Amino acid sequence: MADTEERIREFLERQPVLAQGEPIHAVAKAMPLGGVKRFAKDRAPMLVGGAIGAFIAHNRDKKIVAEDLETAMRNGVYLLATDRRLLLISAGGMRGLPQEHIGSVERSRVVRVERGSTRVSMVKMLTVVFTLDDGSELGFEFPKVDAKDGERLIVSFGA
């Protein structure tokens, strides 16, 4: 986590998105779970109007549409758990560095966190699905090199 957290702390120095006194509990780099991409396309109205009412775009102060969210997460996403929120920060560039705060979910809206696994090219990968109080779901998979960080993120939610 040291390298991942270091990248996030550098990003937060350039683009402060945490509230005063909001501590970081865990940071992990992930990819949207395959089904989430389809979910976002198929249920865009729910994502925009429901899943968090929905994500609030940090710089635009408007709701994110499914296509924007999918595009922003194309190269991966950093999941940042604090005592108040789950923040999503897009990864980009050749090194996959944090690029932009694309949204956040109030921790109180997360009603269930499910750990699982999936196989990609014969490699077993850790997955997590966050179920929100409106029934919508956000799912992510962690590449093997990021599995320990993913595990810490899941544990930070008490799962």
# chains A, B, ... in the order shown; residues from 1 in each chain; ligands from 1
$ residues_around --residues "A:Asn75" --least-positions-apart "3" --cutoff "8 Å" --atoms "only C-alpha atoms" --output "compact mmCIF listing (two decimals) with all heavy atoms, in the first residue's frame"
# COMPACT_ATOMS: atom_id res chain seq x y z
N MET A 31 -9.92 -2.05 -10.96
CA MET A 31 -10.58 -1.92 -12.26
C MET A 31 -12.06 -2.15 -12.04
O MET A 31 -12.44 -2.93 -11.17
CB MET A 31 -10.05 -2.96 -13.25
CG MET A 31 -8.60 -2.77 -13.64
SD MET A 31 -8.27 -1.22 -14.48
CE MET A 31 -9.16 -1.42 -16.01
N ALA A 72 -13.98 7.60 -17.41
CA ALA A 72 -13.03 8.01 -16.38
C ALA A 72 -12.34 6.81 -15.73
O ALA A 72 -11.20 6.91 -15.30
CB ALA A 72 -13.73 8.85 -15.31
N SER A 90 -9.69 8.74 -10.75
CA SER A 90 -9.31 8.05 -11.98
C SER A 90 -7.81 7.90 -12.08
O SER A 90 -7.04 8.72 -11.59
CB SER A 90 -9.85 8.81 -13.20
OG SER A 90 -9.24 10.08 -13.30
N ALA A 91 -7.40 6.82 -12.74
CA ALA A 91 -5.98 6.55 -13.01
C ALA A 91 -5.76 6.81 -14.49
O ALA A 91 -6.62 6.52 -15.32
CB ALA A 91 -5.62 5.12 -12.66
N GLY A 92 -4.61 7.33 -14.82
CA GLY A 92 -4.36 7.60 -16.24
C GLY A 92 -2.89 7.70 -16.54
O GLY A 92 -2.04 7.58 -15.67
N GLY A 96 -0.33 5.03 -14.84
CA GLY A 96 -1.56 4.86 -14.10
C GLY A 96 -1.63 5.71 -12.84
O GLY A 96 -2.17 5.28 -11.82
$ residues_around --residues "A:Ser156" --least-positions-apart "5" --cutoff "9 Å" --atoms "only C-alpha atoms" --output "ChimeraX atom specification"
/A:25-26,81-83,151
$ write_last_selection --atoms "N, CA, C and O atoms" --output "CSV table (one decimal), in the first residue's frame"
chain,number,residue,atom,x,y,z
A,25,HIS,N,-8.3,5.8,5.6
A,25,HIS,CA,-8.2,4.5,6.2
A,25,HIS,C,-7.6,3.4,5.3
A,25,HIS,O,-6.9,2.5,5.8
A,26,ALA,N,-7.8,3.5,4.0
A,26,ALA,CA,-7.3,2.5,3.0
A,26,ALA,C,-7.3,3.1,1.6
A,26,ALA,O,-8.2,3.9,1.3
A,81,ALA,N,-10.8,5.0,0.9
A,81,ALA,CA,-11.8,4.9,2.0
A,81,ALA,C,-11.3,5.8,3.1
A,81,ALA,O,-10.2,5.8,3.6
A,82,THR,N,-12.3,6.7,3.5
A,82,THR,CA,-12.1,7.5,4.7
A,82,THR,C,-13.1,7.2,5.7
A,82,THR,O,-13.9,6.3,5.5
A,83,ASP,N,-13.2,7.9,6.8
A,83,ASP,CA,-14.2,7.6,7.8
A,83,ASP,C,-15.6,8.1,7.4
A,83,ASP,O,-16.6,7.7,8.0
A,151,GLU,N,-7.6,-5.9,-0.1
A,151,GLU,CA,-8.0,-6.6,1.1
A,151,GLU,C,-8.1,-5.6,2.3
A,151,GLU,O,-9.1,-5.6,3.0
$ closest_residue --among "A:Leu126, A:Ile154, A:Ile8, A:Val111" --to "A:Ile89" --atoms "only C-alpha atoms"
A:Ile8
$ closest_residue --among "A:Phe157, A:Leu33, A:Val145, A:Ala28" --to "A:Thr127" --atoms "only C-alpha atoms"
A:Leu33
$ closest_residue --among "A:Glu22, A:Ser117, A:Ser136, A:Leu87" --to "A:His101" --atoms "only C-alpha atoms"
A:Leu87
$ residues_around --residues "stretch 128-130 of chain A" --least-positions-apart "5" --cutoff "8 Å" --atoms "only C-alpha atoms" --output "JSON, numbers by chain"
{"A": [110, 111, 112, 113, 114, 115, 116, 137, 138, 139, 140, 141, 154]}
$ atom_distance --atom1 "atom CA of A:Leu79" --atom2 "atom CA of A:Lys29"
6.2 Å
$ closest_residue --among "A:Ala159, A:Leu132, A:Val27, A:Lys144" --to "A:Leu88" --atoms "only C-alpha atoms"
A:Val27
